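Reproduced below: final00.cif, with mmCIF, C-alpha atoms and all ligand atoms.
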```cif
data_upload
#
loop_
_atom_site.label_atom_id
_atom_site.label_comp_id
_atom_site.auth_asym_id
_atom_site.auth_seq_id
_atom_site.Cartn_x
_atom_site.Cartn_y
_atom_site.Cartn_z
CA MET C 1 83.40 121.68 109.40
CA PHE C 2 83.42 118.56 111.56
CA HIS C 3 86.64 119.69 113.22
CA THR C 4 87.35 117.09 115.93
CA GLU C 5 90.15 116.32 118.39
CA LEU C 6 91.47 113.89 115.73
CA CYS C 7 92.06 116.84 113.37
CA ASP C 8 94.09 118.59 116.09
CA LEU C 9 95.99 115.41 116.98
CA LEU C 10 97.00 114.64 113.39
CA GLU C 11 97.06 118.23 112.09
CA ILE C 12 94.57 117.46 109.34
CA GLU C 13 91.61 119.46 108.04
CA PHE C 14 88.92 116.76 107.82
CA PRO C 15 88.51 113.76 110.16
CA ILE C 16 88.91 111.20 107.36
CA LEU C 17 91.67 108.59 107.27
CA GLN C 18 92.42 106.47 104.24
CA GLY C 19 92.89 102.95 105.60
CA ALA C 20 96.15 101.33 104.53
CA MET C 21 95.41 99.13 101.54
CA GLN C 22 97.89 96.58 100.34
CA GLY C 23 97.68 96.53 96.56
CA ALA C 24 95.60 99.72 96.21
CA GLY C 25 97.05 102.40 98.46
CA LYS C 26 100.37 103.44 96.94
CA PRO C 27 101.98 106.93 97.26
CA LYS C 28 99.71 108.58 94.65
CA LEU C 29 96.54 107.74 96.58
CA VAL C 30 98.10 108.42 99.96
CA ALA C 31 99.30 111.87 98.84
CA ALA C 32 95.95 112.67 97.17
CA VAL C 33 94.05 111.96 100.39
CA SER C 34 96.48 114.02 102.48
CA GLU C 35 96.44 116.88 99.95
CA ALA C 36 92.62 116.89 100.18
CA GLY C 37 92.81 117.44 103.95
CA GLY C 38 92.45 113.86 105.19
CA LEU C 39 95.22 111.46 106.21
CA GLY C 40 96.59 109.06 103.61
CA VAL C 41 98.22 105.90 104.98
CA LEU C 42 100.82 103.70 103.23
CA PRO C 43 100.60 99.94 103.73
CA THR C 44 103.70 97.90 104.54
CA TYR C 45 102.26 94.38 104.64
CA GLY C 46 104.19 92.26 102.15
CA GLU C 47 106.56 95.13 101.25
CA ARG C 48 110.34 94.80 101.50
CA GLU C 49 112.05 97.40 103.68
CA GLU C 50 113.69 99.10 100.69
CA ASP C 51 110.29 99.36 98.99
CA LEU C 52 108.82 100.96 102.07
CA VAL C 53 111.65 103.52 102.20
CA ARG C 54 111.18 104.31 98.51
CA GLN C 55 107.41 104.69 98.93
CA ILE C 56 107.80 107.00 101.93
CA GLU C 57 110.23 109.14 99.90
CA GLU C 58 107.82 109.15 96.96
CA THR C 59 104.93 110.24 99.18
CA GLN C 60 107.04 112.94 100.83
CA ALA C 61 107.86 114.26 97.36
CA LEU C 62 104.15 114.41 96.46
CA THR C 63 102.84 116.11 99.61
CA LYS C 64 104.12 118.21 102.44
CA LYS C 65 100.99 117.41 104.45
CA PRO C 66 100.94 114.72 107.15
CA PHE C 67 100.49 111.09 106.11
CA GLY C 68 100.78 107.79 107.91
CA VAL C 69 102.46 104.41 107.51
CA ASN C 70 100.69 101.21 108.50
CA ILE C 71 102.64 98.49 110.26
CA THR C 72 101.20 94.99 110.39
CA PRO C 73 102.90 93.60 113.50
CA LEU C 74 104.36 90.35 112.19
CA GLY C 75 106.57 89.68 115.22
CA ALA C 76 108.58 91.99 117.49
CA LYS C 77 111.68 92.23 115.26
CA PHE C 78 109.66 93.03 112.12
CA THR C 79 107.57 95.64 113.95
CA GLU C 80 110.55 97.32 115.59
CA ARG C 81 112.47 97.53 112.29
CA ARG C 82 109.50 99.08 110.53
CA ALA C 83 109.06 101.48 113.46
CA ALA C 84 112.75 102.45 113.16
CA ILE C 85 112.26 103.30 109.46
CA CYS C 86 109.25 105.50 110.33
CA ILE C 87 111.28 107.24 113.04
CA ASP C 88 114.30 107.78 110.74
CA MET C 89 112.11 109.14 107.97
CA LYS C 90 110.08 111.38 110.27
CA VAL C 91 106.70 109.88 109.39
CA PRO C 92 104.19 111.72 111.59
CA VAL C 93 101.59 108.93 112.09
CA VAL C 94 101.73 105.13 112.32
CA THR C 95 98.64 102.95 112.23
CA THR C 96 98.85 99.26 113.06
CA GLY C 97 96.59 96.45 111.94
CA LEU C 98 95.88 92.82 112.71
CA GLY C 99 97.88 92.47 115.92
CA ASP C 100 99.45 94.15 118.91
CA PRO C 101 102.64 96.08 118.00
CA GLY C 102 103.78 95.68 121.63
CA PRO C 103 104.63 98.33 124.22
CA ARG C 104 108.23 98.67 123.02
CA ALA C 105 107.41 99.63 119.43
CA VAL C 106 104.58 101.91 120.60
CA GLY C 107 106.93 103.52 123.14
CA ASP C 108 109.74 104.02 120.57
CA LEU C 109 107.36 105.62 118.08
CA ARG C 110 105.74 107.89 120.65
CA SER C 111 109.09 108.98 122.10
CA ALA C 112 110.00 110.09 118.57
CA GLY C 113 106.84 112.23 118.46
CA ILE C 114 104.96 109.86 116.14
CA LYS C 115 101.24 109.43 116.74
CA VAL C 116 100.28 105.76 117.07
CA ILE C 117 96.81 104.60 116.01
CA PRO C 118 96.06 100.86 116.21
CA VAL C 119 93.15 99.31 114.32
CA VAL C 120 91.20 96.94 116.60
CA PRO C 121 88.23 94.55 116.23
CA THR C 122 87.09 94.36 119.90
CA VAL C 123 86.78 96.39 123.12
CA ARG C 124 89.36 94.08 124.72
CA HIS C 125 91.98 95.01 122.10
CA ALA C 126 91.07 98.70 122.35
CA LEU C 127 91.69 98.72 126.12
CA ARG C 128 94.99 96.88 125.72
CA LEU C 129 96.31 99.23 123.03
CA GLU C 130 95.17 102.30 124.96
CA ALA C 131 97.12 100.99 127.97
CA GLU C 132 100.20 100.57 125.73
CA GLY C 133 99.98 104.27 124.87
CA ALA C 134 97.93 104.56 121.66
CA ASP C 135 97.05 108.16 120.77
CA ALA C 136 93.75 107.12 119.14
CA ILE C 137 92.01 103.87 118.23
CA VAL C 138 90.38 102.75 114.98
CA ALA C 139 87.41 100.49 115.79
CA SER C 140 87.04 98.29 112.72
CA GLY C 141 83.89 96.27 112.19
CA SER C 142 83.48 93.00 110.36
CA GLU C 143 82.01 94.73 107.27
CA ALA C 144 85.46 96.02 106.41
CA GLY C 145 87.76 94.82 103.67
CA GLY C 146 90.96 93.20 104.96
CA HIS C 147 91.57 91.40 108.25
CA VAL C 148 88.39 91.44 110.31
CA GLY C 149 86.99 90.28 113.63
CA SER C 150 83.42 89.14 114.15
CA VAL C 151 81.71 92.27 115.51
CA ALA C 152 80.04 94.73 113.11
CA THR C 153 80.78 98.45 113.18
CA LEU C 154 77.36 99.52 114.50
CA PRO C 155 77.66 97.67 117.85
CA LEU C 156 81.48 97.86 118.08
CA LEU C 157 81.89 101.62 117.70
CA PRO C 158 79.83 102.85 120.69
CA MET C 159 81.24 100.10 122.89
CA VAL C 160 84.83 101.11 122.11
CA ILE C 161 83.96 104.80 122.54
CA ASP C 162 82.50 104.04 125.99
CA ALA C 163 85.53 101.96 126.98
CA VAL C 164 88.48 104.23 126.12
CA LYS C 165 89.41 107.87 126.71
CA VAL C 166 91.39 108.46 123.51
CA PRO C 167 89.65 109.53 120.27
CA VAL C 168 87.99 106.67 118.37
CA VAL C 169 87.84 106.44 114.57
CA ALA C 170 85.17 104.28 112.91
CA ALA C 171 86.10 101.85 110.12
CA GLY C 172 84.21 99.21 108.20
CA GLY C 173 81.29 99.78 105.87
CA ILE C 174 81.62 103.55 105.50
CA GLY C 175 81.34 104.73 101.91
CA ASP C 176 79.57 108.08 101.86
CA ALA C 177 78.29 111.01 103.93
CA ARG C 178 75.57 108.88 105.52
CA GLY C 179 78.08 106.45 106.98
CA PHE C 180 80.36 109.31 108.00
CA LEU C 181 77.56 111.13 109.81
CA ALA C 182 76.26 107.98 111.49
CA ALA C 183 79.73 107.36 112.94
CA MET C 184 80.05 110.98 114.06
CA ALA C 185 76.57 110.81 115.66
CA MET C 186 77.74 107.83 117.71
CA GLY C 187 80.66 109.84 119.03
CA ALA C 188 83.46 108.90 116.64
CA ALA C 189 86.24 111.44 116.21
CA GLY C 190 86.54 110.50 112.55
CA VAL C 191 86.25 107.69 110.03
CA GLN C 192 88.62 105.44 108.12
CA LEU C 193 87.73 104.55 104.52
CA GLY C 194 89.13 101.61 102.59
CA THR C 195 86.98 100.05 99.87
CA ARG C 196 85.47 103.39 98.80
CA LEU C 197 88.91 104.74 97.96
CA ILE C 198 89.82 101.81 95.70
CA CYS C 199 87.35 103.36 93.25
CA THR C 200 89.44 106.50 92.70
CA THR C 201 91.63 107.67 89.86
CA GLU C 202 94.75 107.52 92.09
CA SER C 203 94.16 103.97 93.32
CA ALA C 204 96.93 101.53 92.42
CA GLY C 205 94.41 98.70 92.31
CA GLY C 206 93.96 98.77 88.55
CA ARG C 207 90.89 99.03 86.39
CA TRP C 208 89.75 95.45 87.06
CA TYR C 209 89.55 96.22 90.80
CA SER C 210 87.20 99.16 90.52
CA ASP C 211 85.20 97.42 87.77
CA ALA C 212 84.73 94.41 90.04
CA ILE C 213 83.62 96.63 92.92
CA LEU C 214 81.09 98.33 90.64
CA LYS C 215 79.80 94.92 89.57
CA ILE C 216 79.34 93.01 92.83
CA SER C 217 76.43 93.17 95.26
CA GLU C 218 76.70 93.35 99.05
CA GLU C 219 76.35 89.55 99.15
CA GLU C 220 79.43 88.84 97.08
CA THR C 221 82.15 89.19 99.69
CA ILE C 222 83.26 86.46 102.06
CA VAL C 223 85.39 86.16 105.19
CA SER C 224 88.04 83.52 104.57
CA LYS C 225 91.22 82.16 106.07
CA SER C 226 92.53 81.20 102.65
CA LEU C 227 94.33 84.48 101.94
CA THR C 228 96.62 84.94 104.95
CA GLY C 229 95.65 82.23 107.42
CA LYS C 230 93.62 84.78 109.43
CA THR C 231 90.06 85.96 108.76
CA VAL C 232 90.11 88.34 105.77
CA ARG C 233 87.08 89.83 103.96
CA ALA C 234 87.53 89.49 100.22
CA PHE C 235 85.65 88.97 96.95
CA ALA C 236 83.69 85.71 97.05
CA THR C 237 85.55 84.23 94.08
CA PRO C 238 84.90 80.56 93.16
CA GLU C 239 88.38 79.69 94.47
CA VAL C 240 87.88 81.34 97.89
CA LYS C 241 84.38 79.87 98.19
CA ALA C 242 85.74 76.38 97.40
CA PHE C 243 88.33 76.73 100.18
CA GLU C 244 85.73 77.90 102.73
CA ALA C 245 83.24 75.18 101.77
CA ALA C 246 85.98 72.57 102.27
CA ARG C 247 87.10 74.12 105.56
CA LEU C 248 83.56 74.22 106.95
CA SER C 249 82.90 70.63 105.93
CA GLY C 250 86.01 69.51 107.84
CA ALA C 251 88.27 68.69 104.86
CA ALA C 252 91.70 67.23 105.59
CA GLU C 253 94.69 69.58 106.00
CA ASP C 254 96.26 68.40 102.71
CA GLU C 255 93.11 69.26 100.78
CA LEU C 256 92.88 72.68 102.46
CA ARG C 257 96.51 73.40 101.62
CA ARG C 258 95.86 72.42 97.98
CA LEU C 259 92.85 74.75 97.75
CA GLN C 260 94.77 77.53 99.50
CA ARG C 261 97.58 77.27 96.96
CA ILE C 262 95.02 77.79 94.18
CA VAL C 263 93.65 80.88 95.94
CA ARG C 264 97.11 82.35 96.51
CA LYS C 265 98.50 81.51 93.09
CA GLY C 266 95.82 83.53 91.35
CA ARG C 267 96.70 86.79 93.06
CA HIS C 268 96.97 89.56 90.47
CA GLN C 269 97.80 87.00 87.79
CA ASP C 270 96.30 89.19 85.10
CA ASP C 271 94.35 92.41 84.91
CA THR C 272 90.84 90.99 84.77
CA TYR C 273 88.60 90.19 87.72
CA GLU C 274 88.22 86.62 86.48
CA GLY C 275 92.01 86.32 86.62
CA GLN C 276 92.06 87.08 90.35
CA HIS C 277 91.43 84.13 92.59
CA GLN C 278 91.50 86.48 95.55
CA ALA C 279 91.35 90.21 96.28
CA VAL C 280 90.41 92.09 99.41
CA VAL C 281 87.18 94.12 99.53
CA GLY C 282 84.55 95.28 102.03
CA GLN C 283 80.76 94.90 102.01
CA ILE C 284 80.26 98.57 101.11
CA ALA C 285 81.32 97.54 97.58
CA GLY C 286 77.65 96.65 97.09
CA MET C 287 76.79 100.36 97.29
CA LEU C 288 79.27 101.40 94.61
CA ASN C 289 77.49 100.72 91.32
CA ASP C 290 77.78 103.82 89.18
CA PRO C 291 80.97 104.14 87.05
CA ALA C 292 80.83 107.89 87.81
CA CYS C 293 81.85 107.10 91.40
CA VAL C 294 85.40 106.42 90.14
CA LYS C 295 86.86 109.90 90.60
CA PRO C 296 89.80 111.66 92.26
CA ALA C 297 90.11 110.86 95.97
CA GLY C 298 90.01 114.58 96.81
CA GLU C 299 86.57 114.83 95.22
CA VAL C 300 85.33 111.85 97.23
CA ILE C 301 86.47 113.51 100.44
CA ARG C 302 85.08 116.94 99.60
CA GLU C 303 81.73 115.38 98.59
CA ILE C 304 81.47 113.45 101.85
CA MET C 305 82.15 116.59 103.87
CA HIS C 306 79.73 118.72 101.83
CA GLU C 307 76.91 116.16 101.89
CA ALA C 308 77.45 115.53 105.60
CA MET C 309 76.84 119.25 106.24
CA GLN C 310 73.64 119.12 104.17
CA LEU C 311 72.48 116.02 106.03
CA THR C 312 73.21 117.68 109.36
CA GLU C 313 71.01 120.63 108.41
CA HIS C 314 68.25 118.26 107.32
CA LEU C 315 68.50 116.28 110.56
CA SER C 316 68.42 119.36 112.75
CA LYS C 317 65.29 120.55 110.90
CA ILE C 318 63.41 117.29 111.40
CA ALA C 319 64.66 116.96 114.99
CA LEU C 320 63.22 120.36 115.87
CA LYS C 321 59.84 119.77 114.20
C1 LIG H 1 92.36 96.19 99.43
C2 LIG H 1 92.49 96.38 100.91
C3 LIG H 1 93.73 96.18 101.52
C4 LIG H 1 93.90 96.39 102.89
N1 LIG H 1 95.15 96.27 103.44
C5 LIG H 1 95.33 96.61 104.75
C6 LIG H 1 96.64 96.61 105.31
O1 LIG H 1 97.64 96.32 104.64
N2 LIG H 1 96.76 96.95 106.63
C7 LIG H 1 95.67 97.31 107.40
O2 LIG H 1 95.83 97.61 108.59
N3 LIG H 1 94.42 97.33 106.88
C8 LIG H 1 94.23 97.00 105.59
N4 LIG H 1 92.97 97.07 105.04
C9 LIG H 1 91.85 97.60 105.86
C10 LIG H 1 91.67 99.11 105.57
O3 LIG H 1 92.78 99.83 106.01
C11 LIG H 1 90.41 99.71 106.24
O4 LIG H 1 90.49 99.65 107.64
C12 LIG H 1 89.14 99.00 105.78
O5 LIG H 1 89.16 98.82 104.39
C13 LIG H 1 87.91 99.82 106.17
O6 LIG H 1 86.73 99.17 105.80
P1 LIG H 1 85.98 99.41 104.38
O7 LIG H 1 86.73 98.61 103.39
O8 LIG H 1 84.61 98.91 104.64
O9 LIG H 1 86.03 100.88 104.12
C14 LIG H 1 92.77 96.81 103.69
C15 LIG H 1 91.53 96.97 103.07
C16 LIG H 1 91.36 96.78 101.70
C17 LIG H 1 90.00 97.00 101.08
#
```

Here is the file; what I need is its structure written in the form of structure tokens.
Amino acid sequence: MFHTELCDLLEIEFPILQGAMQGAGKPKLVAAVSEAGGLGVLPTYGEREEDLVRQIEETQALTKKPFGVNITPLGAKFTERRAAICIDMKVPVVTTGLGDPGPRAVGDLRSAGIKVIPVVPTVRHALRLEAEGADAIVASGSEAGGHVGSVATLPLLPMVIDAVKVPVVAAGGIGDARGFLAAMAMGAAGVQLGTRLICTTESAGGRWYSDAILKISEEETIVSKSLTGKTVRAFATPEVKAFEAARLSGAAEDELRRLQRIVRKGRHQDDTYEGQHQAVVGQIAGMLNDPACVKPAGEVIREIMHEAMQLTEHLSKIALK
């Protein structure tokens, strides 16, 4: 059932990765995805080292199956320390986001037998990370929640697949079997899901997060520099929209800093959507409307695999007509 080279590389049953999700992807979700045959991935962005160690231990207690840790390369020292923790704790897979972890960290991880899978927004980054020794590449389009580049998944994916020799995983805007199959048809070795897995019973995001995803349309996300200073796709809250409007109209630095403080101050200030001035989400949120879609992550994965098989049969029938 869609057994690809990625499954062999990571020793997983289904070619589905759970993208690291700061705020939503804690050990329960990570373990649930791995238990279901995919690969759960713990985020480390914003976590203290001791929290990361505790969360790795917690995940190891919940599953004996492989899972990954995501390192956001915030400078060589930070990246190498996080890599050392993953090596010490025998984490089998490391994904990296936002930047280049550098050849040293990649080399250290690979020498310890850890598979390294960077998430990239362009062909240029994919080639660079492949040259540094990446075992696979996640090509992440601008539809995705989190840090994004400017190229959408549909054009980015085949270009990255053509450019590199290692397996390529598609991310950004994939929420069901149709997205999964489209990526596989383009030659992806698997997919990475983020936003879809916030709407699960194991998500650490909280009820307001999944409720907000169920409520918004595909037009209600925005790419903004107000959250981290880099381009992040998030809910188009009034606070984030105010920052972007000011930025685009050339507001002074002081004013931008003031608006950014408002955006950042509101983070998780209470457990309602209105209480959040910012939260990360992808455009596929517009497709998630039915409260029944909030279910265990294992069910989401099994449904995608089952429906993808049905769609494949349907496609082969109409192709042969
Ligand atoms: C709430 C949230 C938090 C995220 N945090 C991270 C992170 O810490 N590190 C990272 O590499 N990617 C992060 N991402 C990106 C995801 O790992 C994944 O690549 C992306 O969500 C896929 O696109 P989708 O949301 O359209 O499924 C985050 C995404 C979301 C929605």

- Message: For a quick check of understanding, using only C-alpha atoms, which of C:Ser316, C:Gln278, C:Thr95, C:Ser34 has the smallest distance to Thr79 in chain C?
- Response: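 Ranking C:Ser316, C:Gln278, C:Thr95, C:Ser34 by distance to Thr79 in chain C, first place goes to C:Thr95.
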
Select from chain C every residue with an atom at most 7 Å from any atom of ligand LIG 1 (chain H), then for each give the shortest pair of atoms and their distance in Å to one decimal, using only C-alpha atoms and all ligand atoms, rows by chain and rising number, as a tab-separated table.
```
residue	atom	partner	partner_atom	distance
C:Gln18	CA	H:LIG1	O3	6.9
C:Gly19	CA	H:LIG1	O3	3.1
C:Ala20	CA	H:LIG1	O3	4.0
C:Met21	CA	H:LIG1	C3	3.4
C:Gln22	CA	H:LIG1	N1	4.1
C:Gly23	CA	H:LIG1	C1	6.1
C:Ala24	CA	H:LIG1	C1	5.8
C:Pro43	CA	H:LIG1	O1	4.8
C:Thr44	CA	H:LIG1	O1	6.3
C:Tyr45	CA	H:LIG1	O1	5.0
C:Asn70	CA	H:LIG1	O2	6.0
C:Thr72	CA	H:LIG1	N2	6.1
C:Thr96	CA	H:LIG1	O2	5.6
C:Gly97	CA	H:LIG1	O2	3.6
C:Leu98	CA	H:LIG1	O2	6.3
C:Val119	CA	H:LIG1	O2	6.6
C:Ser140	CA	H:LIG1	O4	6.3
C:Glu143	CA	H:LIG1	O8	5.6
C:Ala144	CA	H:LIG1	O6	3.5
C:Gly145	CA	H:LIG1	O7	3.9
C:Gly146	CA	H:LIG1	C14	4.2
C:His147	CA	H:LIG1	C9	6.7
C:Ala171	CA	H:LIG1	C13	4.8
C:Gly172	CA	H:LIG1	O6	3.5
C:Gly173	CA	H:LIG1	O8	3.6
C:Ile174	CA	H:LIG1	O9	5.3
C:Gly175	CA	H:LIG1	O9	6.5
C:Gln192	CA	H:LIG1	C13	6.0
C:Leu193	CA	H:LIG1	O9	4.1
C:Gly194	CA	H:LIG1	O5	3.3
C:Thr195	CA	H:LIG1	O7	3.8
C:Arg196	CA	H:LIG1	O9	5.9
C:Ala279	CA	H:LIG1	C1	6.8
C:Val280	CA	H:LIG1	C1	4.5
C:Val281	CA	H:LIG1	C17	4.3
C:Gly282	CA	H:LIG1	O7	4.2
C:Gln283	CA	H:LIG1	O8	6.1
C:Ile284	CA	H:LIG1	O8	5.6
```

Axis-aligned box for all listed atoms of range 128-139 of chain C, 6 Å per side, centre and edges in Å to one decimal, as JSON:
```
{"center_x": 93.8, "center_y": 102.5, "center_z": 121.5, "size_x": 24.8, "size_y": 23.3, "size_z": 25.0}
```

- To one decimal in Å, tell me the separation between CA of Val294 in chain C and CA of Glu58 in chain C. 23.6 Å

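Here CA of Asp100 in chain C stands at a distance of 21.2 Å from CA of Ser224 in chain C.
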
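One finds CA of Ala83 in chain C at 20.6 Å from CA of Ala61 in chain C.
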
- Query: Do you know which residues lie at most 12 Å from (83.4, 109.3, 116.3), with coordinates as in the file and all atoms listed in the file counted, and could you write them as a PyMOL selection string?
  - Reply: chain C and resi 2-7+15-16+136-139+153-154+156-162+166-171+179-192

- What lies within 12 Å of Glu307 in chain C using all atoms listed in the file, ignoring chain neighbours under 4 positions off, as a list in words?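 Near Glu307 in chain C, the qualifying residues are Met1, Phe2, Asp176, Ala177, Arg178, Gly179, Phe180, Leu181, Glu299, Val300, Ile301, Arg302, Glu303, Leu311, Thr312, Glu313 and His314 of chain C.
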
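Closest approach to Gly149 in chain C among C:Leu214, C:Val232, C:Arg207, C:Ala76: C:Val232, based on all atoms listed in the file.
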